[in-house]
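Next comes work00.txt, a file with compact mmCIF, C-alpha atoms.
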```
# COMPACT_ATOMS: atom_id res chain seq x y z
CA MET A 1 112.07 199.93 -89.41
CA VAL A 2 113.18 197.26 -91.87
CA SER A 3 113.60 198.04 -95.57
CA ILE A 4 114.84 195.56 -98.15
CA TYR A 5 116.37 196.68 -101.44
CA LYS A 6 117.77 194.90 -104.46
CA HIS A 7 118.88 195.70 -107.97
CA ILE A 8 116.73 193.64 -110.34
CA ASN A 9 117.42 193.94 -114.07
CA GLY A 10 119.35 197.16 -113.45
CA GLN A 11 116.54 198.75 -111.44
CA PHE A 12 116.85 199.57 -107.74
CA SER A 13 113.75 198.13 -106.08
CA LEU A 14 112.15 198.07 -102.66
CA LEU A 15 111.21 194.47 -101.85
CA GLU A 16 108.36 193.09 -99.77
CA ASP A 17 110.32 190.05 -98.55
CA PHE A 18 113.89 188.89 -98.04
CA GLU A 19 115.78 187.70 -101.14
CA ASN A 20 119.35 186.53 -101.58
CA GLY A 21 121.63 189.32 -102.79
CA SER A 22 119.56 192.07 -101.19
CA TRP A 23 120.44 194.94 -98.90
CA VAL A 24 118.55 195.03 -95.60
CA ASN A 25 118.49 198.48 -93.99
CA LEU A 26 117.50 198.72 -90.33
CA VAL A 27 116.69 202.09 -88.78
CA ALA A 28 116.00 202.19 -85.04
CA PRO A 29 114.82 198.57 -85.18
CA THR A 30 112.63 196.99 -82.51
CA ASN A 31 113.58 193.67 -80.92
CA GLU A 32 110.93 191.99 -83.06
CA GLU A 33 112.47 193.43 -86.22
CA LEU A 34 115.96 192.36 -85.14
CA ASN A 35 114.70 188.83 -84.47
CA LEU A 36 112.97 188.73 -87.85
CA VAL A 37 116.11 189.84 -89.71
CA SER A 38 118.21 187.36 -87.75
CA GLN A 39 115.77 184.57 -88.55
CA LYS A 40 115.44 185.39 -92.27
CA THR A 41 119.12 186.15 -93.03
CA GLY A 42 120.93 184.04 -90.46
CA ALA A 43 122.65 187.12 -89.01
CA ASP A 44 123.93 186.75 -85.46
CA ILE A 45 121.60 188.73 -83.18
CA ASP A 46 124.57 190.11 -81.20
CA LEU A 47 126.04 191.60 -84.38
CA LEU A 48 122.72 193.28 -85.15
CA HIS A 49 122.61 194.76 -81.63
CA ALA A 50 126.21 196.01 -81.78
CA ALA A 51 125.51 199.15 -83.81
CA LEU A 52 122.60 200.12 -81.59
CA ASP A 53 124.94 201.06 -78.74
CA GLU A 54 125.75 204.77 -79.04
CA GLU A 55 129.10 204.15 -77.35
CA GLU A 56 130.16 201.40 -79.79
CA ARG A 57 133.55 202.18 -81.32
CA SER A 58 134.58 201.68 -84.91
CA ARG A 59 135.87 198.20 -85.64
CA ILE A 60 135.87 195.26 -88.03
CA GLU A 61 135.18 191.84 -86.63
CA MET A 62 135.10 188.59 -88.54
CA GLU A 63 133.14 185.72 -87.02
CA GLU A 64 134.77 182.92 -89.01
CA GLU A 65 132.88 180.08 -87.32
CA ILE A 66 129.57 181.51 -88.55
CA ASN A 67 131.00 183.18 -91.69
CA GLN A 68 129.82 186.69 -90.82
CA THR A 69 131.61 190.03 -90.75
CA ILE A 70 130.64 193.28 -89.07
CA MET A 71 132.05 196.70 -89.69
CA VAL A 72 131.08 199.44 -87.28
CA VAL A 73 131.89 202.97 -88.41
CA ASP A 74 131.03 206.29 -86.87
CA ILE A 75 128.93 208.54 -89.05
CA PRO A 76 128.79 212.31 -88.45
CA ARG A 77 125.60 213.95 -87.36
CA VAL A 78 124.72 217.60 -86.92
CA GLU A 79 121.84 218.87 -84.81
CA LYS A 80 120.54 222.40 -84.50
CA GLU A 81 120.56 223.60 -80.93
CA GLY A 82 118.96 226.97 -80.42
CA THR A 83 118.68 229.56 -83.16
CA ASP A 84 122.25 229.70 -84.44
CA THR A 85 124.14 226.90 -82.67
CA TYR A 86 124.87 223.47 -84.05
CA VAL A 87 126.13 220.40 -82.22
CA TYR A 88 128.30 217.93 -84.12
CA THR A 89 128.27 214.33 -82.91
CA THR A 90 128.74 210.84 -84.28
CA LEU A 91 126.69 207.65 -84.20
CA PRO A 92 127.68 204.10 -85.06
CA LEU A 93 126.57 202.49 -88.30
CA GLY A 94 126.83 198.73 -88.52
CA ILE A 95 127.50 197.01 -91.83
CA ILE A 96 127.07 193.26 -91.66
CA PHE A 97 127.93 190.69 -94.31
CA VAL A 98 126.05 187.43 -93.92
CA GLY A 99 125.59 184.97 -96.77
CA ASP A 100 124.38 186.90 -99.82
CA TYR A 101 122.94 189.70 -97.67
CA ILE A 102 124.40 193.02 -96.68
CA ILE A 103 122.74 194.56 -93.64
CA THR A 104 123.07 198.13 -92.39
CA VAL A 105 121.96 199.04 -88.87
CA CYS A 106 121.68 202.53 -87.37
CA LEU A 107 119.85 204.20 -84.49
CA ILE A 108 118.56 207.02 -86.67
CA LYS A 109 117.57 207.69 -90.25
CA SER A 110 120.85 208.76 -91.78
CA SER A 111 121.22 211.08 -94.75
CA LEU A 112 124.28 209.03 -95.71
CA ILE A 113 122.13 205.93 -96.24
CA GLU A 114 119.29 207.98 -97.72
CA ASP A 115 121.62 209.11 -100.53
CA PHE A 116 121.92 205.48 -101.62
CA ILE A 117 118.19 204.86 -101.35
CA LYS A 118 117.28 208.01 -103.32
CA GLY A 119 119.70 207.13 -106.13
CA LYS A 120 122.13 209.97 -105.49
CA VAL A 121 125.09 207.56 -105.53
CA LYS A 122 126.21 206.52 -108.99
CA LYS A 123 127.46 203.03 -109.82
CA PHE A 124 125.92 201.54 -106.68
CA TYR A 125 124.52 198.00 -106.93
CA THR A 126 123.31 195.79 -104.11
CA TYR A 127 125.00 192.74 -105.61
CA LYS A 128 128.42 194.48 -105.60
CA ARG A 129 128.92 194.46 -101.85
CA THR A 130 132.56 195.58 -101.77
CA ARG A 131 131.81 198.54 -104.03
CA PHE A 132 128.82 199.41 -101.86
CA VAL A 133 130.95 199.49 -98.70
CA LEU A 134 133.73 201.48 -100.36
CA LEU A 135 131.23 204.03 -101.67
CA LEU A 136 129.63 204.23 -98.23
CA LEU A 137 132.98 204.79 -96.51
CA TYR A 138 134.06 207.33 -99.14
CA ARG A 139 130.86 209.36 -98.79
CA ASN A 140 131.13 209.12 -94.99
CA SER A 141 134.67 210.53 -95.02
CA ALA A 142 133.59 213.30 -97.41
CA ARG A 143 130.81 214.19 -94.99
CA TYR A 144 133.30 214.36 -92.10
CA LEU A 145 135.50 216.71 -94.11
CA ARG A 146 132.54 218.93 -94.99
CA TYR A 147 131.53 219.19 -91.32
CA LEU A 148 135.13 219.88 -90.28
CA ARG A 149 135.25 222.76 -92.77
CA LEU A 150 131.99 224.13 -91.37
CA ILE A 151 133.31 223.84 -87.82
CA ASP A 152 136.54 225.58 -88.85
CA LYS A 153 134.67 228.45 -90.51
CA ALA A 154 132.33 228.86 -87.53
CA SER A 155 135.30 228.73 -85.16
CA GLU A 156 137.15 231.43 -87.10
CA ARG A 157 134.04 233.62 -87.25
CA LEU A 158 133.42 233.25 -83.52
CA ASN A 159 137.07 233.85 -82.71
CA GLU A 160 136.93 237.17 -84.58
CA GLU A 161 133.73 238.15 -82.80
CA VAL A 162 135.18 237.24 -79.41
CA GLN A 163 138.21 239.40 -80.12
CA ARG A 164 135.94 242.33 -81.08
CA SER A 165 133.52 241.95 -78.21
CA TYR A 166 133.87 240.03 -75.01
CA ARG A 167 130.27 238.97 -74.71
CA ASN A 168 129.40 235.61 -73.18
CA LYS A 169 127.21 234.52 -76.11
CA GLU A 170 130.18 234.13 -78.48
CA LEU A 171 132.24 232.36 -75.83
CA PHE A 172 129.49 229.84 -75.24
CA GLN A 173 129.11 229.25 -78.97
CA MET A 174 132.87 228.72 -79.27
CA MET A 175 132.86 226.25 -76.41
CA ALA A 176 129.96 224.37 -77.99
CA LEU A 177 132.07 223.77 -81.09
```

Exercise: express the given structure as structure tokens:
Amino acid sequence: MVSIYKHINGQFSLLEDFENGSWVNLVAPTNEELNLVSQKTGADIDLLHAALDEEERSRIEMEEEINQTIMVVDIPRVEKEGTDTYVYTTLPLGIIFVGDYIITVCLIKSSLIEDFIKGKVKKFYTYKRTRFVLLLLYRNSARYLRYLRLIDKASERLNEEVQRSYRNKELFQMMAL
């Protein structure tokens, strides 16, 4: 899915077509969508594909000959597994700077990105790319810390339960964390 956003006269707007200075958000894009974004923005197709590999590691790469930069960061993700078990994982998020565009690419719809779209992030503007990236990284690290606290609390709770009773259920929950 391709969504294009831009601040116009102080208002955050969803656009119908590509415009300079806009933010292009790709969520689980098809090859046709990747080709379209590459064609319209000039983004290197390999950079667009990079964040779609679940095993991609965090990095910053500057392609000076084509004047493009990609940042790949891991974003935390939590999934409910069973009735009271959660699995914490990460997925790559690609942030690409090309010309006047900033492009984000992710395999799933991320609540991190949704916060920006829904206006939950203050002082965010599509034309202030550096601020956008810093806010994104800050919120991402805050999310990691929140999940780590949740994991720590669950681990402590399960540890106490394991010490009180030696049932397999608590051991399996502890190992899942």

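Closest to Lys120 of chain A among A:Val72, A:Ala50, A:Leu135, A:Val2 is A:Leu135, based on all atoms listed in the file.
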
As JSON, please report the centre and edge lengths, rounded to one decimal in Å, of the axis-aligned box that holds all listed atoms of segment 83-100 of chain A with 6 Å of padding on each of the six sides.
```
{"center_x": 123.7, "center_y": 207.3, "center_z": -91.0, "size_x": 22.1, "size_y": 56.7, "size_z": 29.6}
```

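Near Arg59 of chain A, within 9 Å and counting only C-alpha atoms, sit A:Ile70, A:Met71, A:Val72, A:Val73, not including residues fewer than 6 positions from it in the same chain.
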
Using all atoms listed in the file, pick whichever of A:Val98, A:Leu34, A:Val87, A:Ile113 has the shortest atom-to-atom distance to Glu63 of chain A.
A:Val98

Which distance in Å separates atom CA of Val24 of chain A and atom CA of Glu54 of chain A, to one decimal?
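We find that atom CA of Val24 of chain A and atom CA of Glu54 of chain A lie 20.5 Å from each other.
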
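Straight-line separation from atom CA of Ile117 of chain A to atom CA of Thr104 of chain A: 12.2 Å.
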
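What separates atom CA of Val37 of chain A from atom CA of Thr126 of chain A is a distance of 17.2 Å.
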
Using only C-alpha atoms, give me every residue within 9 Å of (133.8, 213.6, -88.7) in file coordinates, as a list of chain:residue names.
A:Asp74, A:Ile75, A:Pro76, A:Arg77, A:Tyr88, A:Thr89, A:Thr90, A:Asn140, A:Ser141, A:Ala142, A:Arg143, A:Tyr144, A:Leu145, A:Arg146, A:Tyr147, A:Leu148

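Look at Asn20 of chain A: the protein and nucleic acid residues within 10 Å of it, using all atoms listed in the file and passing over chain neighbours fewer than 4 places away, are Lys6, Thr41, Gly99, Asp100, Tyr101, Ile102 and Tyr127 of chain A.
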
Please identify all polymer residues within 7 Å of Ala51 of chain A, counting only C-alpha atoms, omitting same-chain residues fewer than 5 positions from it, and present them as a PyMOL selection string.
chain A and resi 56+72+92-94+105-106
